[in-house]
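Undergrad: Got a structure for you, written out below as structure tokens; questions coming shortly.
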Amino acid sequence: MPDMPGEELPLQLLDPSGALRADDRLPLDLSTVDLPGLYRDMVLSRRIDTEAIALQRQGELGLWPSMSGQEGAQVGAGRALREQDMTFPSYREHAVAWCRGVEPTSLLGLFRGTTLGGWRAEDNNFNLYTLVIGAQTLHATGYAMGIVRDNLVGNGDNARDTAVLCFHGDGALSEGETNEAYVWAATQNLPIVFFCQNNQWAISAPYSTQSRVPAARRADGFGFPGVRVDGNDVLACLAATRQALDAARRGDGPTLIEAYTYRLNPHTTSDDAGRYRSPAEDEVWRERDPITRLRLHLESTGAVSETFFTDLDDDAQRLAERMRAGCRALPDPDPDSPFLHTYAEMPDTLRAQLAEHRDFIASLDAQEVPA
Amino acid sequence: MITTLAKAINEGLRDAMRRDDKVMLLGQDIGQLGGVFRVTDGLRKEFGELRVMDAPLGEAGIVGTAIGLAMRGYRPVCEIQFDGFVFPGVNQMITQLAKYRHRSGGEISLPVVIRVPYGGGIGAIEHHSESPESYFAHTPGLKVVTCASPQDAYQMIGQAIASDDPVIFLEPKRRYWEKGDVERSPDPAPLHAARVLRTGDDLTLVAYGPLVKTALECAEVAAEEGHSLEVIDLRSLAPLDLTAVFASVRRTGRLVVAHEASLSHGLGAEIAARVQDHAFYSLEAPVIRVAGYDTPYPPSRLEEHWLPGVERILDAVDRSLAY
């Protein structure tokens with residue numbers, strides 16, 4: 001892995017060969033971990049991603065930001081959440097959405113142009129995607145302030161005490177708003193975990209453009225713990241996030257987790273990664289694939305039946321088919337909807353514009369000559 | 001009770017916080033100090049640190065965390081210390097606060113109020129005398145209001161807090177110490193309605209915020225010269241309620257609009273456009289705008305030249321009447 005001054009090796013519990021490596025700094029009781037379930041989540045999430053890319057290639061989506069390669073980070077973090085915890089994604093957290101139970105088809109509307117959202121945040125405690133880099137870090141922090149005011153921190157009740165998990169990338173480390181969120185979280189000791197997926201590339205800008213130190217070390221200056229984990233190791237990500245969320249719910253304040261990973265695909269389907277990084281670098285990271293290493297582990301321990309993998313392939317195929325059909329069935333939005341949803345109380349001026357718009361459309365319809 | 005505009009806002013905040021325990025305040029120096037203008041004086045003592053929170057020094061943080069609090073069911077009221085310091089928070093205001101309801105298909109309401117002391121006339125240093133209302137009034141999803149009297153200050157802050165839409169609440173800082181009678185009326189005027197403050201037949205003079213008092217002074221002077229001016233306080237800048245303005249112009253045939261904000265692309269332009277649309281055949285003269293010039297706010301020794309005062313506004317009145 002590339003070196004930075006003072007860089008610590010990311011903590012790892014499962015190495016690329018599929019061997020477990022216990023680490024005292026990152027305790028994980030394996031009896032509480034559903035290894036086949038994590039594997040299944042990662043495989044199905046990748047299938048969501050590859051199917052969405054295919055849909056973009058077929059012209060069904062305008063754009064897709066791929067998360068392939070980051071399944072270990074996202075499934076590890078996503079499966080550490082408790083039901084009552086709130087999740088604030090950026091816009092690439094498709095595997096976290098999967099873990100939270102968001103219907104994959106509903107992720108597509110934003111990129112097909114049928115909606116600017118696509119799901120109800122409160123249904124799965126998974127907020128809408130936020131496209132302005134770093135903006136969601138402050139929303140997550142404010143939400144955590146609300147949890148404090150609701151007296152849902154530090155009651156010693158892990159089924160009721162609540163935390164926030166906020167995702168951002170390495171690029172967001174440079175946004176002022178992210179740093180303000182860290183200040184707010186630290187000084188108020190808020191129940192929040194910042195999960196930074198350092199996939200090393202903010203579009204074409206390498207990590208060295210954003211920082212001279214590993215992301216996890218940023219936390220020191222703000223006064224809360226930073227943990228650096230191997231983002232392609234789903235177990236390390238699960239353990240670190242569980243530990244941090246437990247601390248947050250207990251009232252022990254925020255944690256920054258840096259999941260050191262790699263975006264295997266270009267930034268989005270509109271990007272050309274060949275202009276800024278080498279095939280050799282991609283190849284190194286393909287060998288560290290988070291899915292492969294857990295499969296090697298499951299195969300070596302005989303933890304799953306022989307049909308597990310083939311059954312899962314069938315499930316993935318069915319999921320892809322569901323997404324394809326669901327994508328094409330996404331309804332175009334009602335032309336009235338922007339008018340109706342901008343304000344809780346629609347101003348008369350906007351009401352007049354809506355009426356004018358409807359009249360204009362009606363006048364066009366009236367002019368149409370019947371065939 | 002007779003009280004100042006600043007104290008009226010204070011009372012409005014206090015009453016709103018007593019009515020609804022989800023209402024909370026956040027801003028710089030608003031707790032122990034009571035705000036640099038003392039608008040939140042005494043509220044920390046009554047409601048505690050969690051409901052009257054001294055924020056770290058970051059406007060994006062104030063607005064952004066208010067959004068998160070609103071998502072969790074709170075009704076945050078943010079104080080931005082001065083008009084010129086709102087801009088670090090503007091990304092959150094425009095890309096998030098204004099758009100969230102629309103983005104979520106109407107599912108997520110953000111009942112956030114952002115209080116901003118604004119305008120000049122207090123001899124201040126740079127960044128402390130600005131009039132940023134057009135930036136916000138031009139942004140769909142935000143509502144923008146401003147008060148000109150203690151009575152309106154008291155009632156409008158309560159109405160802004162009760163609104164399920166985000167409201168930018170502009171406070172005319174040079175009028176903070178003006179006194180007036182405040183009644184806790186159970187039936188206040190709607191938040192987004194203009195008000196005729198003085199009736200007249202010869203010309204309609206429209207103002208808002210700090211220039212309302214100036215406009216009333218103009219009407220006094222004009223009356224001595226034999227001209228009858230109708231003075232209208234807009235109160236709401238977004239949405240604009242111009243019903244009273246149209247009706248007035250249909251009678252007077254003449255309109256002067258005054259604001260401190262720079263002339264070009266200001267509220268006056270929007271008002272002129274709408275008036276020619278709705279009262280074209282009633283106009284006896286072009287709509288005349290009196291405003292700050294298209295320069296940054298000047299050093300305070302020049303602000304009397306830059307700000308529309310009684311004489312500049314009356315000069316515009318004379319030009320309109322000469323048609």
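Residue numbering restarts at 1 for every chain of the structure tokens, chains are lettered A, B, ... in their displayed order, and ligands are numbered from 1 as they appear.
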Hey, could you make a per-residue contact list for chain A against chain B with 7 Å as the cut-off, showing the nearest pair of atoms and its distance in Å to one decimal, counting only C-alpha atoms, sorted by chain and number, as JSON lines?

TA:
{"residue": "A:Leu116", "atom": "CA", "partner": "B:Arg103", "partner_atom": "CA", "distance": 4.9}
{"residue": "A:Gly117", "atom": "CA", "partner": "B:Ser104", "partner_atom": "CA", "distance": 5.3}
{"residue": "A:Leu138", "atom": "CA", "partner": "B:Gly64", "partner_atom": "CA", "distance": 4.8}
{"residue": "A:His139", "atom": "CA", "partner": "B:Gly68", "partner_atom": "CA", "distance": 3.9}
{"residue": "A:Ala140", "atom": "CA", "partner": "B:Gly68", "partner_atom": "CA", "distance": 5.8}
{"residue": "A:Thr141", "atom": "CA", "partner": "B:Thr65", "partner_atom": "CA", "distance": 5.9}
{"residue": "A:Gly142", "atom": "CA", "partner": "B:Thr65", "partner_atom": "CA", "distance": 3.7}
{"residue": "A:Tyr143", "atom": "CA", "partner": "B:Gly68", "partner_atom": "CA", "distance": 4.3}
{"residue": "A:Met145", "atom": "CA", "partner": "B:Leu69", "partner_atom": "CA", "distance": 6.6}
{"residue": "A:Gly146", "atom": "CA", "partner": "B:Leu69", "partner_atom": "CA", "distance": 5.3}
{"residue": "A:Glu177", "atom": "CA", "partner": "B:Ala60", "partner_atom": "CA", "distance": 6.4}
{"residue": "A:Glu180", "atom": "CA", "partner": "B:Gly61", "partner_atom": "CA", "distance": 5.7}
{"residue": "A:Ala181", "atom": "CA", "partner": "B:Gly61", "partner_atom": "CA", "distance": 6.6}
{"residue": "A:Trp184", "atom": "CA", "partner": "B:Pro56", "partner_atom": "CA", "distance": 6.9}
{"residue": "A:Pro338", "atom": "CA", "partner": "B:His102", "partner_atom": "CA", "distance": 6.5}
{"residue": "A:His341", "atom": "CA", "partner": "B:Gly106", "partner_atom": "CA", "distance": 4.7}
{"residue": "A:Thr342", "atom": "CA", "partner": "B:His102", "partner_atom": "CA", "distance": 4.7}
{"residue": "A:Tyr343", "atom": "CA", "partner": "B:Gly141", "partner_atom": "CA", "distance": 5.9}
{"residue": "A:Ala344", "atom": "CA", "partner": "B:Asp165", "partner_atom": "CA", "distance": 5.8}
{"residue": "A:Pro347", "atom": "CA", "partner": "B:Pro239", "partner_atom": "CA", "distance": 6.1}
{"residue": "A:Thr349", "atom": "CA", "partner": "B:Pro239", "partner_atom": "CA", "distance": 7.0}

Undergrad: List as a PyMOL selection string the protein and nucleic acid residues near Pro190 (chain B), meaning an atom at most 10 Å away when only C-alpha atoms are counted, but skip any in the same chain fewer than 6 places from it.

TA: chain B and resi 155-156+159+236

Undergrad: Could you jot down the CA of Arg293 (chain A) to CA of Pro16 (chain A) separation for me, Å, one decimal place?

TA: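 Going from CA of Arg293 (chain A) over to CA of Pro16 (chain A), I get 5.0 Å.
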
Undergrad: Which neighbours of Ala22 (chain A) fall inside 10 Å, counting only C-alpha atoms, when residues of the same chain fewer than 4 positions from it are skipped, and could you give them as a list in words?

TA: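 Listed by chain and then number, they are Leu11, Gln12, Leu13, Leu14, Leu26, Pro27, Leu28 and Ala236 of chain A.
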
Undergrad: Please produce an output containing all heavy atoms for each residue in the selection, written as a compact mmCIF listing (two decimals), in the first residue's frame.

TA:
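Written out: out_30.txt:
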# COMPACT_ATOMS: atom_id res chain seq x y z
N LEU A 11 -5.69 -1.49 10.32
CA LEU A 11 -6.00 -2.69 11.08
C LEU A 11 -6.74 -3.69 10.20
O LEU A 11 -7.59 -3.32 9.39
CB LEU A 11 -6.86 -2.34 12.29
CG LEU A 11 -6.25 -1.35 13.29
CD1 LEU A 11 -7.22 -1.12 14.47
CD2 LEU A 11 -4.91 -1.85 13.81
N GLN A 12 -6.41 -4.95 10.41
CA GLN A 12 -6.95 -5.99 9.54
C GLN A 12 -7.29 -7.22 10.37
O GLN A 12 -6.54 -7.60 11.26
CB GLN A 12 -5.85 -6.34 8.53
CG GLN A 12 -6.31 -7.16 7.35
CD GLN A 12 -5.15 -7.44 6.41
OE1 GLN A 12 -4.20 -8.12 6.79
NE2 GLN A 12 -5.21 -6.90 5.21
N LEU A 13 -8.46 -7.82 10.10
CA LEU A 13 -8.83 -9.06 10.78
C LEU A 13 -8.91 -10.25 9.82
O LEU A 13 -8.94 -11.40 10.24
CB LEU A 13 -10.19 -8.90 11.48
CG LEU A 13 -10.25 -7.84 12.58
CD1 LEU A 13 -11.66 -7.75 13.17
CD2 LEU A 13 -9.24 -8.12 13.70
N LEU A 14 -9.02 -9.93 8.53
CA LEU A 14 -9.11 -10.99 7.51
C LEU A 14 -8.18 -10.58 6.37
O LEU A 14 -8.40 -9.54 5.74
CB LEU A 14 -10.56 -11.09 7.00
CG LEU A 14 -10.88 -12.17 5.98
CD1 LEU A 14 -10.76 -13.57 6.61
CD2 LEU A 14 -12.28 -11.98 5.41
N LEU A 26 -8.71 -4.43 17.96
CA LEU A 26 -9.98 -4.48 17.25
C LEU A 26 -10.71 -5.77 17.59
O LEU A 26 -10.84 -6.67 16.77
CB LEU A 26 -9.70 -4.40 15.74
CG LEU A 26 -10.76 -3.79 14.83
CD1 LEU A 26 -11.16 -2.41 15.29
CD2 LEU A 26 -10.22 -3.75 13.41
N PRO A 27 -11.20 -5.86 18.84
CA PRO A 27 -11.82 -7.12 19.25
C PRO A 27 -13.11 -7.38 18.48
O PRO A 27 -13.88 -6.46 18.22
CB PRO A 27 -12.11 -6.89 20.74
CG PRO A 27 -12.06 -5.42 20.95
CD PRO A 27 -11.20 -4.84 19.89
N LEU A 28 -13.31 -8.63 18.12
CA LEU A 28 -14.55 -9.01 17.42
C LEU A 28 -14.91 -10.43 17.85
O LEU A 28 -14.13 -11.37 17.65
CB LEU A 28 -14.36 -8.95 15.90
CG LEU A 28 -15.60 -9.31 15.08
CD1 LEU A 28 -16.70 -8.27 15.25
CD2 LEU A 28 -15.24 -9.46 13.60
N ALA A 236 -12.92 -6.20 9.71
CA ALA A 236 -12.30 -5.05 10.39
C ALA A 236 -13.26 -3.86 10.39
O ALA A 236 -13.38 -3.15 11.39
CB ALA A 236 -11.00 -4.68 9.69

Undergrad: Run DSSP on the backbone and tell me which residues of region 162-283 of chain A come out as helix (DSSP H, G or I); list them as an MDAnalysis selection string.

TA: chainID A and resid 171:174 176:187 207:210 215:222 234:250 273:275 279:283

Undergrad: Name all residues at most 9 Å from region 194-197 of chain B (count only C-alpha atoms; drop same-chain ones fewer than 6 positions away) and give them as a ChimeraX atom specification.

TA: /B:216,230-236,240-245

Undergrad: Output the selection as a tab-separated table (two decimals), in the first residue's frame - N, CA and C atoms for each residue.

TA:
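Output contents, as saved in result33.tsv:
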chain	number	residue	atom	x	y	z
B	216	LEU	N	-41.95	56.90	5.96
B	216	LEU	CA	-42.99	57.63	6.69
B	216	LEU	C	-42.57	59.09	6.91
B	230	GLU	N	-48.88	57.57	-0.33
B	230	GLU	CA	-49.33	56.33	0.32
B	230	GLU	C	-48.09	55.49	0.61
B	231	VAL	N	-47.91	55.08	1.84
B	231	VAL	CA	-46.70	54.33	2.23
B	231	VAL	C	-47.08	52.88	2.52
B	232	ILE	N	-46.37	51.98	1.85
B	232	ILE	CA	-46.64	50.55	2.04
B	232	ILE	C	-45.37	49.85	2.53
B	233	ASP	N	-45.53	49.08	3.60
B	233	ASP	CA	-44.44	48.26	4.15
B	233	ASP	C	-44.61	46.85	3.58
B	234	LEU	N	-43.62	46.38	2.83
B	234	LEU	CA	-43.77	45.05	2.18
B	234	LEU	C	-43.82	43.90	3.18
B	235	ARG	N	-43.03	43.98	4.25
B	235	ARG	CA	-42.94	42.95	5.29
B	235	ARG	C	-42.41	41.62	4.78
B	236	SER	N	-43.02	41.07	3.75
B	236	SER	CA	-42.55	39.80	3.18
B	236	SER	C	-41.88	40.08	1.84
B	240	LEU	N	-43.50	37.75	-2.39
B	240	LEU	CA	-43.91	39.15	-2.40
B	240	LEU	C	-45.43	39.21	-2.47
B	241	ASP	N	-46.01	40.02	-1.58
B	241	ASP	CA	-47.46	40.25	-1.66
B	241	ASP	C	-47.65	41.66	-2.20
B	242	LEU	N	-48.00	41.76	-3.47
B	242	LEU	CA	-48.12	43.10	-4.08
B	242	LEU	C	-49.58	43.50	-4.32
B	243	THR	N	-50.51	42.76	-3.73
B	243	THR	CA	-51.92	43.09	-3.92
B	243	THR	C	-52.20	44.55	-3.55
B	244	ALA	N	-51.70	44.95	-2.38
B	244	ALA	CA	-51.94	46.32	-1.92
B	244	ALA	C	-51.21	47.33	-2.79
B	245	VAL	N	-50.05	46.95	-3.30
B	245	VAL	CA	-49.28	47.86	-4.16
B	245	VAL	C	-50.02	48.08	-5.48

Undergrad: As a count of residues only, which residues of region 192-299 of chain B does DSSP assign to strand (DSSP E or B)?

TA: 31

Undergrad: Sorted by chain and rising residue number, which residues of region 94-201 of chain B lie within 7 Å of region 282-301 of chain B, and what are their closest atom pairs and distances in Å to one decimal, counting only C-alpha atoms, as a Markdown table?

TA:
| residue | atom | partner | partner_atom | distance |
| --- | --- | --- | --- | --- |
| B:Gly123 | CA | B:Ser300 | CA | 4.9 |
| B:Ala124 | CA | B:Ser300 | CA | 6.1 |
| B:Ile125 | CA | B:Ser300 | CA | 6.8 |
| B:Glu130 | CA | B:Tyr297 | CA | 6.8 |

Undergrad: If we count only C-alpha atoms, what is near Ala186 (chain A) at a cut-off of 9 Å, once residues fewer than 6 positions away on the same chain are taken out, given as a ChimeraX atom specification?

TA: /A:222-224,253-254

Undergrad: The selected residues should be written to file as an mmCIF file, in the first residue's frame (atoms: C-alpha atoms).

TA:
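File written: out-v1.cif
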data_model
loop_
_atom_site.group_PDB
_atom_site.id
_atom_site.type_symbol
_atom_site.label_atom_id
_atom_site.label_comp_id
_atom_site.auth_asym_id
_atom_site.auth_seq_id
_atom_site.Cartn_x
_atom_site.Cartn_y
_atom_site.Cartn_z
ATOM 1 C CA PHE A 222 -10.245 17.670 16.878
ATOM 2 C CA GLY A 223 -9.950 15.649 20.045
ATOM 3 C CA PHE A 224 -11.629 12.347 19.341
ATOM 4 C CA GLY A 253 -18.580 10.794 21.837
ATOM 5 C CA PRO A 254 -17.533 10.668 18.210
#

Undergrad: Let me make sure I understand: among A:Gln200, A:Thr209, A:Asn189, A:Ser300, which one has the smallest atom-to-atom distance to Ala247 (chain A) if we use only C-alpha atoms?

TA: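 The shortest atom-to-atom distance to Ala247 (chain A) comes from A:Asn189.
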
Undergrad: Could you pull the residues within 12 Å of Asp271 (chain A), counting only C-alpha atoms, minus those fewer than 3 positions along the same chain, as a list of chain:residue names?

TA: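 Here the answer would be A:Leu63, A:Trp64, A:Pro65, A:Ser66, A:Ala202, A:Ile203, A:Ser204, A:Asn265, A:Pro266, A:His267, A:Thr268, A:Gly274, A:Arg275, A:Tyr276, A:Arg277.
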
Undergrad: Under the rule that only C-alpha atoms are counted, which of A:Ser17, A:Thr32, A:Gln188, A:Gln197 is the nearest residue to Cys237 (chain A)?

TA: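 Distance minimum relative to Cys237 (chain A) lands on A:Gln197.
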
Undergrad: Within 7 Å of Tyr176 (chain B), counting only C-alpha atoms, which residues qualify if same-chain residues fewer than 2 places away don't, as an mmCIF file with N, CA and C atoms, in the first residue's frame?

TA:
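And here's out24.cif as it stands now:
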data_model
loop_
_atom_site.group_PDB
_atom_site.id
_atom_site.type_symbol
_atom_site.label_atom_id
_atom_site.label_comp_id
_atom_site.auth_asym_id
_atom_site.auth_seq_id
_atom_site.Cartn_x
_atom_site.Cartn_y
_atom_site.Cartn_z
ATOM 1 N N THR B 4 -38.551 48.162 22.773
ATOM 2 C CA THR B 4 -37.742 48.337 21.565
ATOM 3 C C THR B 4 -37.974 47.166 20.615
ATOM 4 N N LEU B 5 -37.554 47.357 19.375
ATOM 5 C CA LEU B 5 -37.685 46.295 18.382
ATOM 6 C C LEU B 5 -36.863 45.067 18.806
ATOM 7 N N ALA B 6 -35.658 45.304 19.323
ATOM 8 C CA ALA B 6 -34.816 44.178 19.756
ATOM 9 C C ALA B 6 -35.491 43.402 20.884
ATOM 10 N N PRO B 172 -33.806 44.824 10.926
ATOM 11 C CA PRO B 172 -33.169 46.102 10.580
ATOM 12 C C PRO B 172 -32.401 46.651 11.779
ATOM 13 N N LYS B 173 -31.100 46.412 11.767
ATOM 14 C CA LYS B 173 -30.333 46.620 13.011
ATOM 15 C C LYS B 173 -30.328 48.071 13.472
ATOM 16 N N ARG B 174 -30.427 49.025 12.535
ATOM 17 C CA ARG B 174 -30.401 50.418 13.014
ATOM 18 C C ARG B 174 -31.731 50.812 13.666
ATOM 19 N N GLU B 178 -35.477 51.395 18.357
ATOM 20 C CA GLU B 178 -36.708 52.175 18.184
ATOM 21 C C GLU B 178 -37.800 51.567 19.059
#
